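Source file: query-v5.csv. Holds: CSV, C-alpha atoms.
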chain,number,residue,atom,x,y,z
R,258,MET,CA,0.0,0.0,0.0
R,259,THR,CA,1.6,3.3,-1.2
R,260,LEU,CA,2.0,5.9,1.5
R,261,LEU,CA,3.1,9.5,0.7
R,262,GLU,CA,4.1,12.3,3.0
R,263,ILE,CA,3.3,15.9,2.0
R,264,PRO,CA,5.0,18.8,3.9
R,265,GLY,CA,2.7,21.7,4.5
R,266,PRO,CA,0.0,21.3,1.8
R,267,ALA,CA,-1.0,24.9,0.8
R,268,ASP,CA,-4.2,25.9,-1.1
R,269,PHE,CA,-3.6,29.3,-2.7
R,270,HIS,CA,-7.2,29.9,-3.8
R,271,VAL,CA,-9.9,29.4,-1.2
R,272,HIS,CA,-13.4,30.8,-0.9
R,273,LEU,CA,-14.9,30.5,2.6
R,274,ARG,CA,-18.0,32.7,2.4
R,275,GLN,CA,-20.0,34.1,5.4
R,276,GLY,CA,-22.4,33.1,8.1
R,277,ASP,CA,-23.4,29.5,8.7
R,278,LEU,CA,-21.9,28.5,5.3
R,279,CYS,CA,-18.5,29.8,6.6
R,280,ASP,CA,-18.9,27.7,9.7
R,281,LEU,CA,-19.6,24.7,7.6
R,282,VAL,CA,-16.9,25.0,5.0
R,283,THR,CA,-13.9,26.4,6.9
R,284,PRO,CA,-13.1,23.2,8.7
R,285,HIS,CA,-13.1,21.4,5.3
R,286,VAL,CA,-9.7,23.0,4.5
R,287,ARG,CA,-8.0,20.9,7.1
R,288,GLN,CA,-10.4,18.0,6.4
R,289,GLY,CA,-9.2,18.0,2.8
R,290,GLY,CA,-5.6,17.7,3.9
R,291,PHE,CA,-4.4,21.4,3.9
R,292,THR,CA,-2.6,23.4,6.6
R,293,LEU,CA,-2.4,26.8,4.8
R,294,ALA,CA,-5.2,28.6,2.9
R,295,TYR,CA,-5.0,31.8,0.8
R,296,VAL,CA,-8.4,33.4,1.2
R,297,MET,CA,-10.1,35.1,-1.7
R,298,VAL,CA,-12.3,37.8,-0.1
R,299,ILE,CA,-15.3,39.4,-1.8
R,300,THR,CA,-17.9,40.5,0.8
R,301,LYS,CA,-17.8,41.5,4.4
R,302,PRO,CA,-18.2,38.6,6.8
R,303,GLY,CA,-21.6,38.2,8.3
R,304,LYS,CA,-23.3,40.2,5.6
R,305,PRO,CA,-25.2,38.9,2.5
R,306,ASN,CA,-23.9,39.5,-1.0
R,307,LEU,CA,-22.0,42.8,-1.4
R,308,THR,CA,-22.5,45.0,1.7
R,309,PRO,CA,-19.7,45.9,1.3
R,310,PRO,CA,-16.6,44.3,-0.3
R,311,ILE,CA,-13.6,43.9,2.0
R,312,THR,CA,-11.3,46.7,1.1
R,313,THR,CA,-9.7,47.6,4.4
R,314,THR,CA,-7.1,46.0,6.6
R,315,GLU,CA,-9.4,46.0,9.6
R,316,GLN,CA,-12.1,44.1,7.7
R,317,ALA,CA,-9.6,41.5,6.5
R,318,LEU,CA,-8.2,41.0,9.9
R,319,GLU,CA,-11.7,40.6,11.4
R,320,TYR,CA,-12.4,37.9,8.8
R,321,GLN,CA,-9.1,36.2,9.5
R,322,ALA,CA,-9.8,36.1,13.2
R,323,ARG,CA,-13.2,34.5,12.5
R,324,LEU,CA,-11.6,31.8,10.3
R,325,GLN,CA,-8.9,31.1,12.8
R,326,ALA,CA,-11.4,30.7,15.5
R,327,ILE,CA,-13.3,28.2,13.4
R,328,GLU,CA,-10.3,26.2,12.4
R,329,PRO,CA,-7.2,26.9,14.5
R,330,SER,CA,-5.0,24.2,12.8
R,331,VAL,CA,-5.0,26.1,9.5
R,332,ARG,CA,-2.9,29.2,8.7
R,333,PHE,CA,-5.1,31.7,6.8
R,334,LEU,CA,-3.5,34.3,4.5
R,335,MET,CA,-5.7,37.2,3.7
R,336,THR,CA,-6.4,39.4,0.7
R,337,LEU,CA,-8.2,42.7,-0.1
R,338,TYR,CA,-10.7,43.3,-2.8
R,339,LEU,CA,-9.7,45.6,-5.7
R,340,SER,CA,-12.3,48.3,-5.9
R,341,PRO,CA,-12.4,52.2,-6.0
R,342,GLN,CA,-12.3,52.2,-2.1
R,343,LEU,CA,-8.8,50.7,-2.1
R,344,THR,CA,-6.0,53.2,-1.9
R,345,PRO,CA,-2.2,53.1,-2.0
R,346,ARG,CA,-2.2,54.2,1.7
R,347,GLU,CA,-4.3,51.2,2.6
R,348,ILE,CA,-1.9,48.9,0.7
R,349,HIS,CA,1.0,50.1,2.8
R,350,LYS,CA,-1.1,49.6,5.9
R,351,ALA,CA,-2.2,46.1,4.8
R,352,LYS,CA,1.4,45.0,4.2
R,353,ARG,CA,2.4,46.0,7.7
R,354,ALA,CA,-0.5,44.0,9.1
R,355,GLY,CA,0.5,40.9,7.1
R,356,ILE,CA,-2.1,41.0,4.3
R,357,VAL,CA,-0.5,39.2,1.4
R,358,GLY,CA,-2.4,40.2,-1.8
R,359,VAL,CA,-5.3,41.9,-3.6
R,360,LYS,CA,-7.9,40.0,-5.7
R,361,SER,CA,-9.4,41.5,-8.9
R,362,TYR,CA,-12.6,40.4,-10.4
R,363,PRO,CA,-13.9,41.9,-13.7
R,364,ARG,CA,-17.4,43.1,-13.1
R,365,GLY,CA,-20.1,40.5,-13.3
R,366,VAL,CA,-17.9,37.7,-14.4
R,367,THR,CA,-18.1,35.3,-11.4
R,368,THR,CA,-20.2,34.8,-8.3
R,369,ASN,CA,-20.7,38.0,-6.2
R,370,SER,CA,-18.5,40.1,-8.5
R,371,GLU,CA,-21.0,42.8,-9.5
R,372,SER,CA,-18.7,45.4,-7.8
R,373,GLY,CA,-15.7,44.3,-9.8
R,374,ILE,CA,-13.4,46.4,-11.9
R,375,GLU,CA,-14.1,47.6,-15.4
R,376,SER,CA,-10.6,49.1,-16.3
R,377,TYR,CA,-7.2,48.6,-14.7
R,378,SER,CA,-5.8,52.1,-15.5
R,379,ALA,CA,-7.6,53.7,-12.6
R,380,TYR,CA,-5.8,51.3,-10.2
R,381,TYR,CA,-2.2,52.0,-11.3
R,382,PRO,CA,-1.4,53.9,-8.2
R,383,VAL,CA,-2.5,50.9,-6.1
R,384,PHE,CA,-0.5,48.5,-8.3
R,385,LYS,CA,2.6,50.8,-7.9
R,386,ALA,CA,2.2,50.6,-4.1
R,387,MET,CA,1.7,46.8,-4.3
R,388,GLU,CA,4.9,46.5,-6.3
R,389,GLU,CA,6.8,48.6,-3.7
R,390,GLU,CA,5.5,46.4,-0.9
R,391,ASP,CA,6.1,43.2,-2.8
R,392,MET,CA,2.4,42.1,-2.5
R,393,VAL,CA,0.6,39.8,-4.9
R,394,LEU,CA,-2.1,40.7,-7.4
R,395,ASN,CA,-4.5,37.9,-8.0
R,396,LEU,CA,-6.4,38.2,-11.3
R,397,HIS,CA,-9.7,36.4,-12.3
R,398,GLY,CA,-8.6,36.2,-15.9
R,399,GLU,CA,-11.7,36.7,-17.9
R,400,ILE,CA,-13.4,39.7,-19.6
R,401,PRO,CA,-17.2,40.0,-19.4
R,402,SER,CA,-19.3,38.3,-22.1
R,403,ASP,CA,-20.4,40.7,-24.8
R,404,PRO,CA,-22.4,39.7,-27.9
R,405,ASN,CA,-21.1,42.8,-29.8
R,406,THR,CA,-17.6,41.5,-29.6
R,407,ASN,CA,-18.5,37.8,-29.8
R,408,THR,CA,-17.1,37.3,-26.3
R,409,CYS,CA,-18.5,34.4,-24.2
R,410,VAL,CA,-17.4,32.0,-21.5
R,411,LEU,CA,-15.4,29.9,-24.0
R,412,ASN,CA,-13.1,32.7,-25.1
R,413,ALA,CA,-13.3,35.2,-22.2
R,414,GLU,CA,-10.0,34.0,-20.7
R,415,ARG,CA,-8.1,34.1,-24.0
R,416,ARG,CA,-9.2,37.6,-24.6
R,417,PHE,CA,-8.1,38.6,-21.1
R,418,LEU,CA,-4.5,37.7,-21.7
R,419,LYS,CA,-3.6,40.9,-23.4
R,420,HIS,CA,-4.5,42.7,-20.1
R,421,LEU,CA,-2.2,40.4,-18.2
R,422,GLU,CA,0.6,41.1,-20.6
R,423,ALA,CA,0.0,44.9,-20.3
R,424,LEU,CA,0.0,44.8,-16.4
R,425,HIS,CA,3.3,42.9,-16.4
R,426,ARG,CA,4.8,45.3,-18.9
R,427,ASP,CA,3.9,48.3,-16.8
R,428,PHE,CA,4.7,46.7,-13.4
R,429,PRO,CA,7.5,44.2,-14.2
R,430,ARG,CA,8.4,43.6,-10.5
R,431,LEU,CA,4.8,43.1,-9.3
R,432,ARG,CA,4.0,39.5,-8.6
R,433,ILE,CA,0.9,38.6,-10.5
R,434,VAL,CA,-1.1,35.3,-10.4
R,435,LEU,CA,-3.5,34.4,-13.2
R,436,GLU,CA,-6.1,32.5,-11.2
R,437,HIS,CA,-7.5,29.1,-12.3
R,438,ALA,CA,-6.1,29.0,-15.8
R,439,THR,CA,-8.1,26.9,-18.2
R,440,THR,CA,-6.6,27.3,-21.6
R,441,LYS,CA,-3.4,26.3,-23.5
R,442,GLU,CA,-3.0,30.0,-24.4
R,443,ALA,CA,-3.0,31.0,-20.8
R,444,VAL,CA,-0.4,28.5,-19.8
R,445,GLU,CA,1.8,29.6,-22.8
R,446,THR,CA,1.4,33.3,-22.0
R,447,VAL,CA,2.4,32.9,-18.3
R,448,LYS,CA,5.5,30.9,-19.4
R,449,THR,CA,6.7,33.9,-21.5
R,450,LEU,CA,6.3,36.5,-18.7
R,451,GLY,CA,9.1,35.4,-16.3
R,452,PRO,CA,9.4,34.7,-12.6
R,453,THR,CA,7.0,37.4,-11.3
R,454,VAL,CA,4.0,35.9,-13.1
R,455,ALA,CA,2.4,32.6,-12.3
R,456,CYS,CA,-0.9,30.8,-12.7
R,457,THR,CA,-3.0,28.6,-10.5
R,458,ILE,CA,-4.6,25.4,-11.8
R,459,THR,CA,-7.6,23.8,-10.1
R,460,ALA,CA,-8.2,20.2,-9.4
R,461,HIS,CA,-11.5,20.1,-11.3
R,462,HIS,CA,-10.0,21.7,-14.4
R,463,LEU,CA,-7.5,18.8,-14.5
R,464,ALA,CA,-10.6,16.5,-14.8
R,465,LEU,CA,-13.2,18.3,-16.8
R,466,THR,CA,-13.8,19.5,-20.3
R,467,VAL,CA,-16.7,21.5,-21.8
R,468,ASP,CA,-18.8,18.3,-22.3
R,469,ASP,CA,-18.7,17.7,-18.5
R,470,TRP,CA,-20.4,20.9,-17.5
R,471,ALA,CA,-22.8,21.4,-20.3
R,472,GLY,CA,-26.1,20.5,-18.6
R,473,GLN,CA,-24.5,19.6,-15.3
R,474,SER,CA,-24.6,22.4,-12.8
R,475,PHE,CA,-22.3,20.8,-10.3
R,476,ASN,CA,-19.5,20.8,-12.8
R,477,PHE,CA,-20.1,24.5,-13.8
R,478,CYS,CA,-17.6,27.1,-12.7
R,479,LYS,CA,-16.1,30.2,-14.1
R,480,PRO,CA,-13.8,30.1,-15.9
R,481,VAL,CA,-15.5,27.1,-17.5
R,482,ALA,CA,-13.6,24.0,-18.4
R,483,LYS,CA,-12.6,24.2,-22.0
R,484,TYR,CA,-11.5,21.7,-24.7
R,485,PRO,CA,-9.5,18.4,-24.3
R,486,GLU,CA,-6.3,20.1,-25.7
R,487,ASP,CA,-6.6,22.8,-23.0
R,488,ARG,CA,-7.0,20.2,-20.2
R,489,GLU,CA,-3.9,18.4,-21.6
R,490,ALA,CA,-1.9,21.7,-21.4
R,491,LEU,CA,-2.9,22.1,-17.8
R,492,ARG,CA,-1.9,18.6,-17.0
R,493,ALA,CA,1.4,19.2,-18.7
R,494,VAL,CA,2.4,22.2,-16.7
R,495,ILE,CA,1.0,21.5,-13.2
R,496,ARG,CA,2.2,24.6,-11.4
R,497,GLU,CA,0.8,25.8,-8.1
R,498,GLY,CA,-2.5,26.3,-6.4
R,499,SER,CA,-6.0,24.9,-6.3
R,500,ASP,CA,-9.4,26.6,-6.4
R,501,SER,CA,-12.3,25.6,-4.2
R,502,ALA,CA,-15.6,27.5,-4.3
R,503,PRO,CA,-18.5,26.3,-2.2
R,504,HIS,CA,-22.1,27.3,-2.9
R,505,HIS,CA,-25.4,26.7,-1.3
R,506,VAL,CA,-26.8,23.4,-2.7
R,507,ASP,CA,-30.1,25.1,-3.7
R,508,LYS,CA,-28.2,27.7,-5.8
R,509,LYS,CA,-26.3,24.9,-7.6
R,510,ALA,CA,-29.1,22.5,-8.1
R,511,MET,CA,-31.9,25.0,-9.1
R,512,ALA,CA,-32.0,27.4,-12.0
R,513,THR,CA,-34.9,29.4,-13.4
R,514,PRO,CA,-35.4,31.2,-16.7
R,515,ASP,CA,-34.2,34.4,-15.2
R,516,GLN,CA,-31.8,33.1,-12.5
R,517,PRO,CA,-28.8,30.9,-13.5
R,518,CYS,CA,-27.1,28.4,-11.2
R,519,ALA,CA,-24.1,29.7,-9.2
R,520,ALA,CA,-20.7,29.3,-10.8
R,521,GLY,CA,-18.3,27.2,-8.7
R,522,VAL,CA,-17.1,23.6,-8.0
R,523,TYR,CA,-16.5,22.5,-4.4
R,524,THR,CA,-13.4,20.4,-3.8
R,525,ALA,CA,-12.1,21.5,-0.4
R,526,PRO,CA,-13.2,18.5,1.8
R,527,ILE,CA,-11.5,15.9,-0.5
R,528,LEU,CA,-8.9,18.1,-2.2
R,529,LEU,CA,-5.5,16.4,-1.3
R,530,PRO,CA,-6.8,12.9,-2.1
R,531,LEU,CA,-8.5,14.2,-5.3
R,532,VAL,CA,-5.3,15.9,-6.5
R,533,ALA,CA,-3.3,12.8,-5.8
R,534,HIS,CA,-5.9,10.7,-7.7
R,535,LEU,CA,-5.8,13.0,-10.7
R,536,LEU,CA,-2.0,13.4,-10.9
R,537,ASP,CA,-1.7,9.6,-10.5
R,538,SER,CA,-4.1,9.1,-13.4
R,539,PHE,CA,-2.0,11.1,-15.9
R,540,GLY,CA,1.5,10.1,-14.7
R,541,ALA,CA,2.4,13.2,-12.7
R,542,LEU,CA,2.3,11.8,-9.1
R,543,ASP,CA,6.0,12.6,-8.8
R,544,ASN,CA,5.1,16.3,-9.0
R,545,LEU,CA,2.5,16.1,-6.2
R,546,VAL,CA,4.6,17.8,-3.5
R,547,ALA,CA,5.6,20.6,-5.9
R,548,PHE,CA,2.1,21.2,-7.1
R,549,ILE,CA,0.5,21.0,-3.7
R,550,SER,CA,3.1,22.8,-1.6
R,551,THR,CA,6.5,24.0,-2.7
R,552,ASN,CA,5.7,25.8,-5.9
R,553,GLY,CA,3.1,28.0,-4.4
R,554,ARG,CA,5.0,28.6,-1.2
R,555,ARG,CA,8.0,29.7,-3.1
R,556,PHE,CA,6.1,32.1,-5.3
R,557,TYR,CA,4.2,33.6,-2.3
R,558,LYS,CA,7.4,33.6,-0.2
R,559,VAL,CA,5.6,31.7,2.6
R,560,GLU,CA,7.6,29.2,4.5
R,561,ASP,CA,6.9,27.3,7.7
R,562,GLU,CA,9.9,26.5,9.9
R,563,GLN,CA,8.3,23.1,10.8
R,564,PRO,CA,5.5,22.4,8.3
R,565,SER,CA,2.9,19.8,9.3
R,566,ILE,CA,3.3,16.5,7.5
R,567,ILE,CA,0.1,15.2,5.9
R,568,ARG,CA,0.1,11.6,4.9
R,569,ILE,CA,-2.0,10.1,2.2
R,570,ARG,CA,-2.3,6.5,1.1
R,571,LYS,CA,-3.4,4.7,-2.1
R,572,ILE,CA,-6.6,3.1,-0.9
R,573,PRO,CA,-10.2,3.2,-2.3
R,574,TYR,CA,-12.1,6.2,-0.9
R,575,THR,CA,-15.7,7.2,-1.6
R,576,ILE,CA,-16.4,11.0,-1.7
R,577,TYR,CA,-19.2,12.2,0.6
R,578,PRO,CA,-22.6,12.7,-1.1
R,579,SER,CA,-23.1,16.0,0.8
R,580,LEU,CA,-22.0,17.9,3.9
R,581,SER,CA,-24.4,19.9,6.1
R,582,LEU,CA,-24.5,22.3,9.0
R,583,LYS,CA,-27.8,23.8,10.2
R,584,ASP,CA,-29.6,24.9,7.1
R,585,GLU,CA,-26.5,24.8,4.9
R,586,THR,CA,-25.6,22.0,2.6
R,587,VAL,CA,-22.8,21.7,0.0
R,588,ILE,CA,-22.2,19.0,-2.5
R,589,PRO,CA,-18.5,18.0,-3.1
R,590,PHE,CA,-17.1,17.5,-6.6
R,591,TRP,CA,-17.6,13.9,-7.8
R,592,ALA,CA,-20.0,13.3,-4.9
R,593,GLY,CA,-20.5,9.5,-4.3
R,594,LYS,CA,-17.6,8.6,-6.7
R,595,GLN,CA,-14.8,6.4,-5.6
R,596,ILE,CA,-11.2,7.7,-6.0
R,597,GLU,CA,-8.0,5.8,-5.5
R,598,TRP,CA,-6.4,7.9,-2.7
R,599,GLY,CA,-7.4,9.0,0.8
R,600,LEU,CA,-5.9,10.6,3.9
R,601,ALA,CA,-3.9,8.3,6.1
R,602,GLU,CA,-4.9,10.2,9.3
Reformat the file's structure so that it appears as structure tokens.
Amino acid sequence: MTLLEIPGPADFHVHLRQGDLCDLVTPHVRQGGFTLAYVMVITKPGKPNLTPPITTTEQALEYQARLQAIEPSVRFLMTLYLSPQLTPREIHKAKRAGIVGVKSYPRGVTTNSESGIESYSAYYPVFKAMEEEDMVLNLHGEIPSDPNTNTCVLNAERRFLKHLEALHRDFPRLRIVLEHATTKEAVETVKTLGPTVACTITAHHLALTVDDWAGQSFNFCKPVAKYPEDREALRAVIREGSDSAPHHVDKKAMATPDQPCAAGVYTAPILLPLVAHLLDSFGALDNLVAFISTNGRRFYKVEDEQPSIIRIRKIPYTIYPSLSLKDETVIPFWAGKQIEWGLAE
């Protein structure tokens, strides 16, 4: 029976939401085998939807304290939300308080992103401050769909890449992460931009193609999974990071003519075994430690003096059909399916 030891598994793209849903999903980070989580922050904890986005150091630290109280065994790294309320002065303050990065969402592209950015030029003073402070800019790499330009979910990432190239050109020392890359072009672009630009790759994008989410809401996320050749490009590069985005089960399972299902795939409670299963399936298991720990930690300059060792073993493991707390329920990716790896603890 194969046993592997992973030092300090780190998930550099986590959504933990608010309220009872936060109470439910935050322990899933550790349950899924991870000891460090980089938290993507959109809304103020304890408030519904967008009232308001987290743009201040105090708000981020308040959220961090809540997460740490829920799951003390995980180290939570915090971000701010890129919006007109964010200033260079706040960036300098955030750096001193230990905030690591800033997340950018184009307006209306993903769940709860209606207050996202429309143009980057207005934020150049913020990016200059981030470059000075050696903070990380995390980009949701899509432009909004627009029938006038023939832009839709299938080409929105490809059309965003010119903006990534422009930001790197104007801020060559700013560390930039293209979040949840899904296309061959995205991988190739990141490779050309040098050591200050990276991309994250999600577990589910290593498994899915467009056929898997068309008509199946539980496989639908943004950016959407693309074509088989794109999936092969992701499998080939295996860089750093994973993306886990929980949603209320009723918002995933129910859509109406005027209300689409929420965009997101939930992998957190089974993430480390799932990644091992996937990498094993396409001959990349030797790169598991780099993909799940060392690559991301190196880019983010986050090291633990004595990282926790998480053990996994090759043993059949059936994924939970659902997980609930109070009135909240989430459905994990591949619910009810058997994979070939599980936690040894």
Exercise. Take atom CA of R:Arg415 and atom CA of R:Arg554 and report the distance between them in Å, one decimal.
Key: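 A separation of 26.9 Å between them.
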Counting all atoms listed in the file, what is within 10 Å of R:His349, bar same-chain residues fewer than 3 positions away, as a PDB file with C-alpha atoms, keeping the file's coordinate frame?
ATOM      1  CA  THR R 314      -7.100  46.000   6.600  1.00  0.00           C
ATOM      2  CA  THR R 344      -6.000  53.200  -1.900  1.00  0.00           C
ATOM      3  CA  PRO R 345      -2.200  53.100  -2.000  1.00  0.00           C
ATOM      4  CA  ARG R 346      -2.200  54.200   1.700  1.00  0.00           C
ATOM      5  CA  LYS R 352       1.400  45.000   4.200  1.00  0.00           C
ATOM      6  CA  ARG R 353       2.400  46.000   7.700  1.00  0.00           C
ATOM      7  CA  ALA R 354      -0.500  44.000   9.100  1.00  0.00           C
ATOM      8  CA  ILE R 356      -2.100  41.000   4.300  1.00  0.00           C
ATOM      9  CA  VAL R 383      -2.500  50.900  -6.100  1.00  0.00           C
ATOM     10  CA  ALA R 386       2.200  50.600  -4.100  1.00  0.00           C
ATOM     11  CA  MET R 387       1.700  46.800  -4.300  1.00  0.00           C
ATOM     12  CA  GLU R 389       6.800  48.600  -3.700  1.00  0.00           C
ATOM     13  CA  GLU R 390       5.500  46.400  -0.900  1.00  0.00           C
ATOM     14  CA  MET R 392       2.400  42.100  -2.500  1.00  0.00           C
TER      15      MET R 392
END
Exercise. Tell me, as an MDAnalysis selection string, which residues lie within 12 Å of R:Pro341, counting all atoms listed in the file; anything in the same chain fewer than 3 positions away does not count.
Key: chainID R and resid 310:313 337:338 344:345 347 361 372:383
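Between atom CA of R:Arg568 and atom CA of R:Val286 the interatomic distance comes to 15.0 Å.
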Quiz item: Near R:Glu562, within 12 Å and counting only C-alpha atoms, which residues show up once chain neighbours fewer than 3 positions away are dropped, as JSON, numbers by chain?
Solution: {"R": [264, 265, 559, 565]}
Would you pick out the contacts of R:Ser402 at 10 Å or less, using all atoms listed in the file, so that residues sharing its chain but fewer than 3 positions from it are not included, and give the list as a PDB file with C-alpha atoms, keeping the file's coordinate frame?
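Wrote it out as result21.pdb, contents follow:
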ATOM      1  CA  GLY R 365     -20.100  40.500 -13.300  1.00  0.00           C
ATOM      2  CA  VAL R 366     -17.900  37.700 -14.400  1.00  0.00           C
ATOM      3  CA  GLU R 399     -11.700  36.700 -17.900  1.00  0.00           C
ATOM      4  CA  ASN R 405     -21.100  42.800 -29.800  1.00  0.00           C
ATOM      5  CA  THR R 406     -17.600  41.500 -29.600  1.00  0.00           C
ATOM      6  CA  ASN R 407     -18.500  37.800 -29.800  1.00  0.00           C
ATOM      7  CA  THR R 408     -17.100  37.300 -26.300  1.00  0.00           C
ATOM      8  CA  CYS R 409     -18.500  34.400 -24.200  1.00  0.00           C
ATOM      9  CA  VAL R 410     -17.400  32.000 -21.500  1.00  0.00           C
ATOM     10  CA  LEU R 411     -15.400  29.900 -24.000  1.00  0.00           C
ATOM     11  CA  ASN R 412     -13.100  32.700 -25.100  1.00  0.00           C
ATOM     12  CA  ALA R 413     -13.300  35.200 -22.200  1.00  0.00           C
TER      13      ALA R 413
END
Self-check item: Residue nearest R:Pro266 - candidates R:Pro429, R:Leu542, R:Gly289, R:Leu535, atoms counted: all atoms listed in the file
Solution: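 For R:Pro266, the nearest of the given residues is R:Gly289.
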Practice problem: To one decimal in Å, tell me the separation between atom CA of R:Asp487 and atom CA of R:Thr439. | Solution: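 Atom CA of R:Thr439 lies at a distance of 6.5 Å from atom CA of R:Asp487.
Of the residues listed (R:Ala443, R:Leu582, R:Ala601, R:Val532), R:Leu582 shows the shortest atom-to-atom separation from R:Cys279; distances use only C-alpha atoms.
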Quiz item: Could you pull the residues within 7 Å of R:Ala294, counting only C-alpha atoms, minus those fewer than 3 positions along the same chain, as a count of residues only?
Solution: 7
Quiz item: So, counting all atoms listed in the file, which residue among R:Pro452, R:Pro363, R:Tyr523, R:Thr551 is closest to R:Leu273?
Solution: R:Tyr523
Quiz item: At most 10 Å from (-12.8, 26.3, -17.9), file frame, only C-alpha atoms: which residues, as a ChimeraX atom specification?
Solution: /R:410-414,437-440,459,461-463,465-467,470,477-484,487-488
Quiz item: Around (-26.8, 25.2, 4.7) in the file's own coordinates, what residues are found within 8 Å if you use all atoms listed in the file, given back as number ranges by chain?
Solution: R: 277-278, 281, 505-506, 581-587
Exercise. Counting only C-alpha atoms, figure out which residue out of R:Phe556, R:Lys448, R:Gln325, R:Leu528 gets nearest to R:Leu431.
Key: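 Smallest separation from R:Leu431 among the options: R:Phe556.
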Quiz item: From the set R:Asp403, R:Leu418, R:Arg570, R:Ile495, which residue has the shortest atom-to-atom contact distance to R:Val546, counting all atoms listed in the file?
Solution: R:Ile495
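Each of R:Leu529, R:Ala493, R:Leu435, R:Ile263 was checked against R:Leu421 using all atoms listed in the file; the smallest atom-to-atom distance is that of R:Leu435.
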